[in-house]
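Notes follow once the structure below has been shown.
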Amino acid sequence: MLDESEFLSDFGVRAISRVYLDQPYEFSCGDYRAEVRYTPAESDSDLFGGNSNWRDPIWMPVNYLMIRSLEKFGMFYGEDFKIECPTGSGTMLSLREIADELRRRLLRIVLRDANGRRPVFGTYETLQTDPHFRDHIWFHEYFGGDNGRGVGASHQTGWSGLVANLIEELHRKS
């Protein structure tokens, strides 16, 4: 989960490992053959109506549940229990610190980057630059695992609105 070449993205934890981009999972049974590939954003097939929401994205509610679970396990194991995060970095963090790192990564989706752009808006210039739109965040169904772009329905305030909880939780700790 904490390996940046697999599940950990700059924007949270992906729904499927990025390893499957170059090495699809293949399943065969008799004459039947199927494969699962990491397909960023939209599907490359019409299967399920072209919906790709299980092949790449960052799901806000799933990430939020992971954060809450990490915190609960962190209360049990304490601050001395550390795990390398990200995998291969040599940086050891407590479970609470990993939860906060995931919060920060999820917030990158909606916060402006060094160039003043919000990943959630992708390449939509009007949303990125127009003063009438640039500060009105859309709460998408899911977000691209590679770039944080909002994908799917743009009115999913029920779960993408969890970004408000993430902000409050980080602020409370500081």
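Note on naming: chains are A, B, ... as they come in the structure tokens, residues start from 1 per chain, ligands start from 1 in the order shown.
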I'd like the contact shell of A:Glu4 - 9 Å cut-off, only C-alpha atoms, skipping same-chain residues fewer than 3 positions apart - returned as a PyMOL selection string.
chain A and resi 1+7-10+18+86-88
Store the residues of this selection in a file with all heavy atoms, as a compact mmCIF listing (two decimals), in the first residue's frame.
# COMPACT_ATOMS: atom_id res chain seq x y z
N MET A 1 0.82 -1.19 0.00
CA MET A 1 0.00 0.00 0.00
C MET A 1 0.86 1.26 0.00
O MET A 1 0.48 2.26 -0.57
CB MET A 1 -0.90 -0.02 1.23
CG MET A 1 -1.73 1.22 1.41
SD MET A 1 -2.75 1.13 2.88
CE MET A 1 -1.91 2.30 3.92
N PHE A 7 0.63 1.09 -5.20
CA PHE A 7 -0.63 1.70 -4.77
C PHE A 7 -0.51 3.16 -4.35
O PHE A 7 -1.43 3.94 -4.55
CB PHE A 7 -1.24 0.88 -3.62
CG PHE A 7 -1.75 -0.45 -4.06
CD1 PHE A 7 -0.99 -1.59 -3.87
CD2 PHE A 7 -2.98 -0.58 -4.66
CE1 PHE A 7 -1.44 -2.84 -4.28
CE2 PHE A 7 -3.46 -1.82 -5.07
CZ PHE A 7 -2.68 -2.95 -4.89
N LEU A 8 0.59 3.54 -3.74
CA LEU A 8 0.71 4.90 -3.20
C LEU A 8 0.98 5.91 -4.32
O LEU A 8 1.96 5.80 -5.04
CB LEU A 8 1.81 4.98 -2.14
CG LEU A 8 1.90 6.29 -1.37
CD1 LEU A 8 0.61 6.60 -0.63
CD2 LEU A 8 3.08 6.25 -0.41
N SER A 9 0.09 6.87 -4.43
CA SER A 9 0.18 7.93 -5.43
C SER A 9 0.48 9.23 -4.71
O SER A 9 0.32 9.34 -3.49
CB SER A 9 -1.17 8.02 -6.15
OG SER A 9 -1.37 9.27 -6.76
N ASP A 10 0.85 10.24 -5.45
CA ASP A 10 1.02 11.58 -4.87
C ASP A 10 -0.31 12.10 -4.32
O ASP A 10 -0.33 13.06 -3.57
CB ASP A 10 1.53 12.57 -5.92
CG ASP A 10 2.99 12.35 -6.28
OD1 ASP A 10 3.70 11.67 -5.51
OD2 ASP A 10 3.42 12.86 -7.33
N ARG A 18 -0.36 0.06 -9.78
CA ARG A 18 0.14 0.60 -11.04
C ARG A 18 1.03 -0.41 -11.76
O ARG A 18 1.28 -0.28 -12.96
CB ARG A 18 0.91 1.90 -10.78
CG ARG A 18 1.11 2.71 -12.04
CD ARG A 18 1.63 4.11 -11.73
NE ARG A 18 1.52 4.99 -12.86
CZ ARG A 18 2.22 4.88 -13.98
NH1 ARG A 18 3.08 3.89 -14.13
NH2 ARG A 18 2.07 5.74 -14.97
N PRO A 86 7.44 6.48 2.18
CA PRO A 86 7.02 5.41 1.30
C PRO A 86 8.01 4.25 1.30
O PRO A 86 9.17 4.41 1.67
CB PRO A 86 6.96 6.06 -0.09
CG PRO A 86 7.40 7.47 0.06
CD PRO A 86 7.75 7.71 1.46
N THR A 87 7.55 3.10 0.84
CA THR A 87 8.39 1.91 0.77
C THR A 87 9.65 2.23 -0.03
O THR A 87 9.57 2.84 -1.09
CB THR A 87 7.61 0.76 0.10
OG1 THR A 87 6.44 0.50 0.88
CG2 THR A 87 8.45 -0.50 -0.01
N GLY A 88 10.79 1.86 0.51
CA GLY A 88 12.06 2.08 -0.18
C GLY A 88 12.69 3.43 0.07
O GLY A 88 13.78 3.71 -0.41
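Every protein or nucleic acid residue with an atom no more than 12 Å from A:Arg112, counting only C-alpha atoms and leaving out same-chain residues fewer than 3 positions away, appears here: Leu107, Arg108, Ile109, Asn115, Gly116, Arg117, Arg118, Pro119, Val120, Phe121, Gly122, Gln128, Thr129, Arg134, Asp135, Ile137 and Gly148 of chain A.
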Using all heavy atoms, can you write the selected residues to a file as a compact mmCIF listing (two decimals), in the first residue's frame?
# COMPACT_ATOMS: atom_id res chain seq x y z
N LEU A 107 -5.22 15.85 0.04
CA LEU A 107 -5.48 17.29 -0.08
C LEU A 107 -4.80 17.89 -1.30
O LEU A 107 -5.27 18.90 -1.84
CB LEU A 107 -5.05 18.01 1.19
CG LEU A 107 -5.96 17.78 2.39
CD1 LEU A 107 -5.40 18.43 3.64
CD2 LEU A 107 -7.37 18.28 2.10
N ARG A 108 -3.72 17.28 -1.78
CA ARG A 108 -3.05 17.77 -3.00
C ARG A 108 -4.00 17.78 -4.19
O ARG A 108 -3.80 18.53 -5.14
CB ARG A 108 -1.84 16.90 -3.35
CG ARG A 108 -0.67 17.11 -2.47
CD ARG A 108 0.50 16.24 -2.93
NE ARG A 108 1.54 16.25 -1.92
CZ ARG A 108 2.37 15.25 -1.71
NH1 ARG A 108 2.32 14.16 -2.46
NH2 ARG A 108 3.29 15.34 -0.78
N ILE A 109 -5.02 16.95 -4.15
CA ILE A 109 -6.00 16.89 -5.25
C ILE A 109 -6.67 18.25 -5.44
O ILE A 109 -6.87 18.69 -6.57
CB ILE A 109 -7.07 15.81 -4.97
CG1 ILE A 109 -6.43 14.41 -5.04
CG2 ILE A 109 -8.25 15.92 -5.93
CD1 ILE A 109 -7.35 13.30 -4.54
N ASN A 115 2.57 25.73 -9.37
CA ASN A 115 2.22 26.54 -10.55
C ASN A 115 0.85 27.18 -10.43
O ASN A 115 0.35 27.76 -11.40
CB ASN A 115 2.28 25.67 -11.81
CG ASN A 115 3.66 25.12 -12.04
OD1 ASN A 115 4.65 25.83 -11.92
ND2 ASN A 115 3.74 23.84 -12.37
N GLY A 116 0.22 27.06 -9.26
CA GLY A 116 -1.09 27.65 -9.04
C GLY A 116 -2.24 26.85 -9.62
O GLY A 116 -3.36 27.36 -9.71
N ARG A 117 -1.99 25.62 -10.01
CA ARG A 117 -3.02 24.78 -10.63
C ARG A 117 -3.52 23.74 -9.63
O ARG A 117 -2.77 23.25 -8.81
CB ARG A 117 -2.46 24.11 -11.88
CG ARG A 117 -1.99 25.15 -12.91
CD ARG A 117 -1.39 24.53 -14.14
NE ARG A 117 -2.36 23.83 -14.97
CZ ARG A 117 -3.20 24.40 -15.82
NH1 ARG A 117 -3.19 25.71 -15.96
NH2 ARG A 117 -4.03 23.68 -16.55
N ARG A 118 -4.80 23.41 -9.74
CA ARG A 118 -5.41 22.38 -8.89
C ARG A 118 -5.50 21.09 -9.70
O ARG A 118 -6.15 21.07 -10.76
CB ARG A 118 -6.80 22.81 -8.45
CG ARG A 118 -6.84 24.04 -7.57
CD ARG A 118 -8.29 24.35 -7.19
NE ARG A 118 -8.44 25.69 -6.68
CZ ARG A 118 -8.30 26.03 -5.41
NH1 ARG A 118 -7.98 25.11 -4.51
NH2 ARG A 118 -8.48 27.27 -5.02
N PRO A 119 -4.88 20.01 -9.22
CA PRO A 119 -4.97 18.75 -9.95
C PRO A 119 -6.40 18.31 -10.27
O PRO A 119 -6.64 17.76 -11.34
CB PRO A 119 -4.27 17.76 -9.02
CG PRO A 119 -3.26 18.61 -8.31
CD PRO A 119 -3.97 19.92 -8.08
N VAL A 120 -7.35 18.57 -9.39
CA VAL A 120 -8.74 18.16 -9.61
C VAL A 120 -9.28 18.68 -10.93
O VAL A 120 -10.08 18.02 -11.58
CB VAL A 120 -9.65 18.60 -8.43
CG1 VAL A 120 -9.75 20.11 -8.34
CG2 VAL A 120 -11.03 17.97 -8.56
N PHE A 121 -8.83 19.86 -11.38
CA PHE A 121 -9.34 20.47 -12.60
C PHE A 121 -8.64 19.98 -13.86
O PHE A 121 -9.05 20.35 -14.97
CB PHE A 121 -9.24 21.99 -12.52
CG PHE A 121 -10.16 22.63 -11.51
CD1 PHE A 121 -9.78 23.80 -10.88
CD2 PHE A 121 -11.39 22.08 -11.19
CE1 PHE A 121 -10.62 24.41 -9.96
CE2 PHE A 121 -12.23 22.68 -10.27
CZ PHE A 121 -11.85 23.85 -9.66
N GLY A 122 -7.59 19.19 -13.73
CA GLY A 122 -6.91 18.65 -14.90
C GLY A 122 -6.51 19.73 -15.88
O GLY A 122 -5.92 20.73 -15.51
N GLN A 128 -9.19 26.22 -14.17
CA GLN A 128 -7.88 26.51 -13.57
C GLN A 128 -7.65 28.01 -13.39
O GLN A 128 -7.03 28.42 -12.42
CB GLN A 128 -6.75 25.94 -14.43
CG GLN A 128 -6.67 24.44 -14.46
CD GLN A 128 -6.14 23.83 -13.16
OE1 GLN A 128 -5.92 24.49 -12.16
NE2 GLN A 128 -5.96 22.53 -13.18
N THR A 129 -8.11 28.84 -14.33
CA THR A 129 -7.67 30.24 -14.35
C THR A 129 -8.77 31.28 -14.21
O THR A 129 -8.50 32.39 -13.76
CB THR A 129 -6.90 30.52 -15.66
OG1 THR A 129 -7.76 30.27 -16.78
CG2 THR A 129 -5.66 29.64 -15.76
N ARG A 134 -12.20 29.23 -10.62
CA ARG A 134 -10.98 28.61 -10.07
C ARG A 134 -11.04 28.29 -8.57
O ARG A 134 -10.29 27.43 -8.10
CB ARG A 134 -9.76 29.46 -10.39
CG ARG A 134 -9.75 30.79 -9.67
CD ARG A 134 -8.51 31.59 -9.98
NE ARG A 134 -8.57 32.85 -9.29
CZ ARG A 134 -8.16 33.98 -9.78
NH1 ARG A 134 -7.61 34.01 -10.97
NH2 ARG A 134 -8.27 35.08 -9.08
N ASP A 135 -11.89 28.95 -7.83
CA ASP A 135 -11.96 28.68 -6.40
C ASP A 135 -13.20 27.87 -6.01
O ASP A 135 -13.51 27.74 -4.82
CB ASP A 135 -11.93 30.00 -5.61
CG ASP A 135 -10.60 30.69 -5.76
OD1 ASP A 135 -9.57 30.00 -5.81
OD2 ASP A 135 -10.57 31.94 -5.85
N ILE A 137 -14.42 24.33 -5.98
CA ILE A 137 -13.95 22.96 -6.12
C ILE A 137 -15.12 22.02 -6.43
O ILE A 137 -16.15 22.06 -5.76
CB ILE A 137 -13.26 22.48 -4.82
CG1 ILE A 137 -12.18 23.47 -4.38
CG2 ILE A 137 -12.70 21.07 -4.99
CD1 ILE A 137 -11.09 23.70 -5.37
N GLY A 148 -4.39 13.10 -10.17
CA GLY A 148 -5.35 13.71 -9.24
C GLY A 148 -6.55 14.35 -9.91
O GLY A 148 -7.39 14.96 -9.24
Check chain A with DSSP on the backbone and list each residue it calls helix (DSSP H, G or I), as a PyMOL selection string.
chain A and resi 18-21+47-50+60-77+95-107+119-121+125-129+157-160+163-173
Determine the nearest neighbour of A:Trp159 from the options A:His140, A:Arg172, A:Arg37, A:His132, counting only C-alpha atoms.
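Ranking A:His140, A:Arg172, A:Arg37, A:His132 by distance to A:Trp159, first place goes to A:His140.
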Compile the contact shell of A:Phe143 as a list in words: residues with an atom at most 10 Å away, counting only C-alpha atoms, same-chain residues fewer than 5 positions apart removed.
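Here the qualifying residues turn out to be Phe11, Gly12, Arg14, Pro40, Ala41, Asn53, Asp56, Pro57, Ile58, Trp59, Met60, Leu106, Ile109, Pro119, Val120, Gly148, Arg149, Gly150, Val151, Gly152 and Ser160 of chain A.
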Quick one: residues within 9 Å of A:Leu162, only C-alpha atoms counted, chain neighbours fewer than 5 positions away excluded, as a list in words?
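Skipping anything fewer than 5 positions along the chain leaves Met60, Pro61, Tyr64, Thr157 and Ile167 of chain A.
Straight-line separation from atom CA of A:Ser28 to atom CA of A:Gly144: 29.0 Å.
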Give me the residues near A:Glu26 as a ChimeraX atom specification, where near means some atom within 8 Å (using only C-alpha atoms) and where sequence neighbours in that chain fewer than 4 positions away do not count.
/A:33-36
Output N, CA and C atoms for every residue in that selection, as a PDB file, in the first residue's frame.
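In the end it all went to selection30.pdb:
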ATOM      1  N   ARG A  33     -10.357 -16.277 -21.306  1.00  0.00           N
ATOM      2  CA  ARG A  33      -9.175 -15.525 -20.875  1.00  0.00           C
ATOM      3  C   ARG A  33      -9.601 -14.096 -20.547  1.00  0.00           C
ATOM      4  N   ALA A  34      -9.134 -13.603 -19.443  1.00  0.00           N
ATOM      5  CA  ALA A  34      -9.430 -12.224 -19.048  1.00  0.00           C
ATOM      6  C   ALA A  34      -8.169 -11.607 -18.486  1.00  0.00           C
ATOM      7  N   GLU A  35      -8.124 -10.284 -18.518  1.00  0.00           N
ATOM      8  CA  GLU A  35      -6.983  -9.585 -17.933  1.00  0.00           C
ATOM      9  C   GLU A  35      -7.456  -8.311 -17.255  1.00  0.00           C
ATOM     10  N   VAL A  36      -6.686  -7.909 -16.271  1.00  0.00           N
ATOM     11  CA  VAL A  36      -6.927  -6.655 -15.566  1.00  0.00           C
ATOM     12  C   VAL A  36      -5.676  -5.812 -15.753  1.00  0.00           C
TER      13      VAL A  36
END
Given only C-alpha atoms as the counted atoms, nearest of A:Leu127, A:Ala114, A:Leu95, A:Leu21 to A:Leu2:
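Smallest distance to A:Leu2 is found for A:Leu95.
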Looking at only C-alpha atoms, which of A:Asn63, A:Ser94, A:Ser89, A:Asn147 is the one that sits closest to A:Val163?
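Looking only at the distances to A:Val163, the closest residue turns out to be A:Asn63.
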Name the residues of stretch 20-127 of chain A that come out as strand (DSSP E or B) in a backbone DSSP run; write them as a list in words.
Tyr25, Glu26, Phe27, Ser28, Cys29, Tyr32, Arg33, Ala34, Glu35, Val36, Ile58, Lys82, Ile83, Glu84, Met92, Leu93 and Ser94 of chain A
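Picture a line from atom CA of A:Met66 to atom CA of A:Thr91; it runs 19.9 Å.
The residue set within 12 Å of A:Phe76, counting only C-alpha atoms and dropping same-chain residues fewer than 5 places from it, reads Ser69, Leu70, Glu71, Phe81, Ser94, Leu95 and Arg96 of chain A.
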Expected file: the selected residues, N, CA and C atoms, as a CSV table (one decimal), in the first residue's frame:
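The resulting selection06.csv:
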chain,number,residue,atom,x,y,z
A,69,SER,N,-8.5,3.8,10.1
A,69,SER,CA,-7.9,2.5,10.6
A,69,SER,C,-6.5,2.6,11.0
A,70,LEU,N,-5.7,3.3,10.2
A,70,LEU,CA,-4.3,3.5,10.6
A,70,LEU,C,-4.2,4.2,12.0
A,71,GLU,N,-5.1,5.2,12.2
A,71,GLU,CA,-5.1,5.9,13.5
A,71,GLU,C,-5.5,5.0,14.6
A,81,PHE,N,6.0,2.0,17.1
A,81,PHE,CA,5.9,1.1,16.0
A,81,PHE,C,5.9,1.9,14.7
A,94,SER,N,5.4,6.5,12.2
A,94,SER,CA,4.4,5.8,13.0
A,94,SER,C,3.1,5.7,12.2
A,95,LEU,N,2.2,4.9,12.6
A,95,LEU,CA,0.9,4.7,11.9
A,95,LEU,C,0.1,6.0,11.9
A,96,ARG,N,0.2,6.8,12.9
A,96,ARG,CA,-0.4,8.1,13.0
A,96,ARG,C,0.2,9.0,12.0
